[in-house]
file work-v2.cif (mmCIF, C-alpha atoms)
data_input
#
loop_
_atom_site.label_atom_id
_atom_site.label_comp_id
_atom_site.auth_asym_id
_atom_site.auth_seq_id
_atom_site.Cartn_x
_atom_site.Cartn_y
_atom_site.Cartn_z
CA LEU A 974 113.61 100.69 105.75
CA HIS A 975 114.91 97.38 107.03
CA ASP A 976 118.49 98.41 106.20
CA VAL A 977 118.19 101.59 108.28
CA PHE A 978 116.75 99.57 111.17
CA GLY A 979 119.45 96.91 110.80
CA ALA A 980 117.07 94.03 110.09
CA ARG A 981 118.60 91.22 108.09
CA GLN A 982 116.45 90.02 105.20
CA GLU A 983 116.27 86.34 104.28
CA TRP A 984 114.59 84.70 101.28
CA ARG A 985 112.55 81.81 102.63
CA SER A 986 109.48 79.94 101.40
CA GLY A 987 109.09 82.20 98.37
CA SER A 988 109.20 85.50 100.26
CA TRP A 989 111.54 87.90 102.02
CA TRP A 990 111.47 87.62 105.82
CA LEU A 991 112.99 90.11 108.20
CA HIS A 992 114.86 89.04 111.29
CA GLN A 993 113.91 90.55 114.61
CA VAL A 994 116.43 93.14 115.86
CA ALA A 995 114.99 94.14 119.26
CA HIS A 996 113.45 91.84 121.86
CA ASP A 997 112.48 94.09 124.77
CA PRO A 998 111.89 97.78 125.48
CA ALA A 999 115.53 98.43 126.40
CA GLU A 1000 116.74 96.94 123.11
CA LEU A 1001 114.05 98.89 121.24
CA ARG A 1002 115.17 102.17 122.84
CA ALA A 1003 118.78 101.40 121.88
CA LEU A 1004 117.67 100.55 118.33
CA LEU A 1005 115.72 103.80 117.99
CA ASP A 1006 118.68 105.76 119.38
CA ARG A 1007 120.89 104.12 116.72
CA VAL A 1008 118.36 104.81 113.95
CA ASP A 1009 118.19 108.46 115.06
CA ARG A 1010 121.96 108.69 114.50
CA THR A 1011 121.97 106.80 111.20
CA ASP A 1012 122.96 108.51 107.98
CA VAL A 1013 120.11 107.24 105.82
CA ARG A 1014 121.96 108.01 102.61
CA ALA A 1015 124.92 105.87 103.67
CA ALA A 1016 122.64 103.11 104.92
CA ILE A 1017 120.64 102.62 101.73
CA LEU A 1018 122.85 103.65 98.81
CA PRO A 1019 125.57 101.22 97.76
CA SER A 1020 129.23 102.11 97.85
CA GLY A 1021 130.25 103.58 94.53
CA TRP A 1022 126.77 105.05 94.09
CA GLU A 1023 127.88 108.13 92.15
CA ALA A 1024 129.58 105.95 89.49
CA GLU A 1025 126.57 103.64 89.38
CA LYS A 1026 124.23 106.61 89.08
CA ALA A 1027 126.26 107.95 86.12
CA ARG A 1028 126.21 104.49 84.48
CA MET A 1029 122.44 104.20 84.94
CA ARG A 1030 121.86 107.68 83.54
CA ALA A 1031 124.04 106.98 80.50
CA ALA A 1032 122.23 103.70 79.86
CA GLY A 1033 118.79 105.27 80.33
CA ILE A 1034 117.99 102.96 83.24
CA PRO A 1035 115.23 104.43 85.43
CA PHE A 1036 116.12 105.10 89.02
CA PRO A 1037 114.31 103.12 91.70
CA LEU A 1038 111.74 105.11 93.61
CA TYR A 1039 110.31 104.27 97.01
CA ARG A 1040 106.56 103.87 96.58
CA HIS A 1041 105.89 100.53 98.28
CA GLN A 1042 106.72 99.33 101.75
CA ARG A 1043 105.92 96.53 104.12
CA GLY A 1044 103.11 98.07 106.16
CA PRO A 1045 103.73 99.66 109.54
CA VAL A 1046 102.34 96.84 111.68
CA THR A 1047 104.01 94.11 109.63
CA PHE A 1048 107.31 95.98 109.70
CA ALA A 1049 107.12 96.64 113.44
CA THR A 1050 106.17 93.05 114.27
CA SER A 1051 109.00 91.82 112.04
CA ILE A 1052 111.69 93.85 113.76
CA TYR A 1053 110.25 93.71 117.30
CA GLY A 1054 107.96 90.67 117.49
CA VAL A 1055 104.19 90.25 117.41
CA GLU A 1056 103.55 89.89 121.12
CA ASN A 1057 106.20 92.48 121.91
CA LEU A 1058 104.51 95.13 119.74
CA ILE A 1059 101.06 94.52 121.21
CA GLU A 1060 102.48 94.59 124.73
CA LEU A 1061 104.39 97.78 123.90
CA LEU A 1062 101.24 99.49 122.61
CA LEU A 1063 99.37 98.56 125.79
CA GLU A 1064 102.06 99.04 128.40
CA GLU A 1065 104.53 101.58 127.00
CA PRO A 1066 102.54 103.75 124.61
CA ASP A 1067 105.13 106.55 124.61
CA LEU A 1068 107.82 104.16 123.35
CA ALA A 1069 105.34 102.76 120.81
CA ASP A 1070 104.71 106.32 119.63
CA ARG A 1071 108.45 106.85 119.28
CA LEU A 1072 108.72 103.69 117.16
CA ARG A 1073 105.80 104.85 115.01
CA ASP A 1074 107.25 108.34 114.55
CA THR A 1075 110.70 106.97 113.72
CA ILE A 1076 109.28 104.61 111.10
CA LEU A 1077 107.39 107.49 109.47
CA ARG A 1078 110.37 109.84 109.57
CA VAL A 1079 112.69 107.28 107.98
CA LEU A 1080 110.11 106.32 105.33
CA LEU A 1081 109.79 109.95 104.31
CA GLU A 1082 113.55 110.47 104.37
CA ILE A 1083 114.22 107.42 102.16
CA ALA A 1084 111.54 108.41 99.66
CA ALA A 1085 112.80 112.00 99.46
CA LEU A 1086 116.41 110.84 99.05
CA LEU A 1087 115.57 108.42 96.24
CA ASP A 1088 113.39 111.03 94.56
CA ALA A 1089 116.26 113.52 94.63
CA GLU A 1090 118.73 110.94 93.32
CA ALA A 1091 116.34 110.30 90.43
CA GLY A 1092 116.21 114.03 89.69
CA PHE A 1093 112.75 114.77 91.09
CA THR A 1094 111.76 117.66 93.31
CA PRO A 1095 108.89 117.43 95.79
CA GLN A 1096 106.73 119.12 93.15
CA THR A 1097 107.71 116.82 90.25
CA ALA A 1098 108.01 113.48 92.07
CA PRO A 1099 105.58 110.75 91.00
CA ARG A 1100 102.59 110.37 93.27
CA GLY A 1101 101.16 107.34 95.00
CA PHE A 1102 102.21 104.92 97.71
CA ALA A 1103 101.31 101.33 98.59
CA PHE A 1104 101.69 99.24 101.72
CA SER A 1105 101.51 95.49 102.27
CA ASP A 1106 100.39 95.04 105.86
CA ASP A 1107 99.16 91.51 106.55
CA ASN A 1108 99.77 91.99 110.27
CA CYS A 1109 97.46 94.99 110.53
CA ALA A 1110 94.82 92.37 111.40
CA LEU A 1111 96.54 91.86 114.76
CA LEU A 1112 95.57 95.29 116.08
CA ASN A 1113 92.14 96.38 117.19
CA PRO A 1114 90.87 99.68 115.78
CA ARG A 1115 92.02 101.71 118.80
CA LEU A 1116 95.59 100.39 118.59
CA TYR A 1117 95.70 100.67 114.79
CA GLU A 1118 94.46 104.26 114.95
CA ARG A 1119 97.32 105.03 117.32
CA PHE A 1120 100.11 103.13 115.54
CA GLY A 1121 99.43 102.23 111.90
CA ALA A 1122 97.10 104.95 110.68
CA PRO A 1123 99.41 107.90 111.49
CA ILE A 1124 102.14 106.35 109.33
CA LEU A 1125 99.80 105.89 106.37
CA ARG A 1126 98.35 109.36 106.96
CA GLY A 1127 101.83 110.93 106.94
CA ILE A 1128 102.97 109.10 103.80
CA PHE A 1129 99.73 109.78 101.94
CA ALA A 1130 99.83 113.47 102.89
CA ARG A 1131 103.21 113.73 101.15
CA TYR A 1132 102.93 111.23 98.28
CA SER A 1133 99.18 111.01 97.65
CA PRO A 1134 97.77 114.40 98.58
CA ASP A 1135 95.06 114.59 95.92
CA PRO A 1136 91.88 112.48 95.78
CA GLY A 1137 92.91 110.60 92.62
CA ASP A 1138 96.41 109.73 93.86
CA ARG A 1139 97.17 106.09 94.57
CA ARG A 1140 96.69 105.20 98.25
CA HIS A 1141 96.84 101.44 98.63
CA GLN A 1142 97.02 98.89 101.38
CA HIS A 1143 97.15 95.16 100.73
CA SER A 1144 96.55 92.54 103.39
CA ASP A 1145 96.16 88.79 103.04
CA SER A 1146 94.68 88.86 106.54
CA ALA A 1147 91.22 90.05 107.53
CA MET A 1148 91.18 93.80 107.97
CA GLY A 1149 87.45 94.45 107.92
CA HIS A 1150 87.58 95.77 111.48
CA LEU A 1151 89.97 98.48 110.23
CA LEU A 1152 88.03 99.51 107.13
CA PRO A 1153 86.43 102.57 108.76
CA ILE A 1154 89.92 103.85 109.61
CA LEU A 1155 91.39 102.91 106.23
CA GLY A 1156 88.37 104.43 104.49
CA GLY A 1157 89.03 107.64 106.37
CA LEU A 1158 92.53 107.63 104.87
CA GLY A 1159 91.00 107.72 101.38
CA LEU A 1160 92.38 104.47 100.03
CA THR A 1161 92.02 104.32 96.26
#

call {"tool": "encode", "arguments": {"input": "work-v2.cif", "output": "structure tokens"}}
result
Amino acid sequence: LHDVFGARQEWRSGSWWLHQVAHDPAELRALLDRVDRTDVRAAILPSGWEAEKARMRAAGIPFPLYRHQRGPVTFATSIYGVENLIELLLEEPDLADRLRDTILRVLLEIAALLDAEAGFTPQTAPRGFAFSDDNCALLNPRLYERFGAPILRGIFARYSPDPGDRRHQHSDSAMGHLLPILGGLGLT
């Protein structure tokens, strides 16, 4: 996801950190316009992918699937900034909705692409999805219901449609205030 959004990743203090790519609403609009034009396949698969895919198949190496992602609030605050995201949700909700919808669309597109490259169809693809969203704690229930929950709902509808399917969210931060919402999403 960070590659499609153009966020540079840096290993620091034992973890990957994303660099902010937009600093104000105008930059965010330009970023979303660019993401809308991005060829996701070209953005996430390495050059020489077909040869690498053949090598992996011949060696019996399993293909990577996309079943875990930095959570929607953590991702958005990483690429846009903590205060910026909260301000956006309060002052420019339509642009916040566009960011949310773009994140969900790209998540689904990446997962479907990697499933297809691994030889799965929507019917045969492994189920389950997990998020790590420490920054979900920054949003009150109303803002989380508007921004974070629709992304989880959309991913779970596709990749965890049945009651026993894995639906996971991790947070090192307090998220008790969001548990009614997360419970409504059927976390397993």

call {"tool": "residues_around", "arguments": {"input": "work-v2.cif", "residues": "His1041 in chain A", "least_positions_apart": "5", "cutoff": "6 Å", "atoms": "all atoms listed in the file", "output": "PyMOL selection string"}}
result
chain A and resi 1102-1104

call {"tool": "resolve_selection", "arguments": {"input": "work-v2.cif", "expression": "the PyMOL selection byres ((chain A and resi 1157-1161) around 8)", "output": "PyMOL selection string"}}
result
chain A and resi 1122+1125-1126+1136-1142+1153-1156

call {"tool": "residues_around", "arguments": {"input": "work-v2.cif", "residues": "Arg1131 in chain A", "least_positions_apart": "4", "cutoff": "9 Å", "atoms": "all atoms listed in the file", "output": "list in words"}}
result
Leu1081, Pro1095, Arg1100, Arg1126 and Gly1127 of chain A

call {"tool": "closest_residue", "arguments": {"input": "work-v2.cif", "among": "A:His1150, A:Arg981, A:Arg1119, A:Arg1043", "to": "Asp1074 in chain A", "atoms": "all atoms listed in the file"}}
result
A:Arg1119

call {"tool": "resolve_selection", "arguments": {"input": "work-v2.cif", "expression": "the PyMOL selection byres ((chain A and resi 1070) around 12)", "output": "JSON list (two decimals) with C-alpha atoms, in the frame of the given file"}}
result
[["chain", "number", "residue", "atom", "x", "y", "z"],
["A", 1002, "ARG", "CA", 115.17, 102.17, 122.84],
["A", 1005, "LEU", "CA", 115.72, 103.80, 117.99],
["A", 1049, "ALA", "CA", 107.12, 96.64, 113.44],
["A", 1058, "LEU", "CA", 104.51, 95.13, 119.74],
["A", 1061, "LEU", "CA", 104.39, 97.78, 123.90],
["A", 1062, "LEU", "CA", 101.24, 99.49, 122.61],
["A", 1063, "LEU", "CA", 99.37, 98.56, 125.79],
["A", 1064, "GLU", "CA", 102.06, 99.04, 128.40],
["A", 1065, "GLU", "CA", 104.53, 101.58, 127.00],
["A", 1066, "PRO", "CA", 102.54, 103.75, 124.61],
["A", 1067, "ASP", "CA", 105.13, 106.55, 124.61],
["A", 1068, "LEU", "CA", 107.82, 104.16, 123.35],
["A", 1069, "ALA", "CA", 105.34, 102.76, 120.81],
["A", 1071, "ARG", "CA", 108.45, 106.85, 119.28],
["A", 1072, "LEU", "CA", 108.72, 103.69, 117.16],
["A", 1073, "ARG", "CA", 105.80, 104.85, 115.01],
["A", 1074, "ASP", "CA", 107.25, 108.34, 114.55],
["A", 1075, "THR", "CA", 110.70, 106.97, 113.72],
["A", 1076, "ILE", "CA", 109.28, 104.61, 111.10],
["A", 1077, "LEU", "CA", 107.39, 107.49, 109.47],
["A", 1116, "LEU", "CA", 95.59, 100.39, 118.59],
["A", 1117, "TYR", "CA", 95.70, 100.67, 114.79],
["A", 1118, "GLU", "CA", 94.46, 104.26, 114.95],
["A", 1119, "ARG", "CA", 97.32, 105.03, 117.32],
["A", 1120, "PHE", "CA", 100.11, 103.13, 115.54],
["A", 1121, "GLY", "CA", 99.43, 102.23, 111.90],
["A", 1122, "ALA", "CA", 97.10, 104.95, 110.68],
["A", 1123, "PRO", "CA", 99.41, 107.90, 111.49],
["A", 1124, "ILE", "CA", 102.14, 106.35, 109.33]]
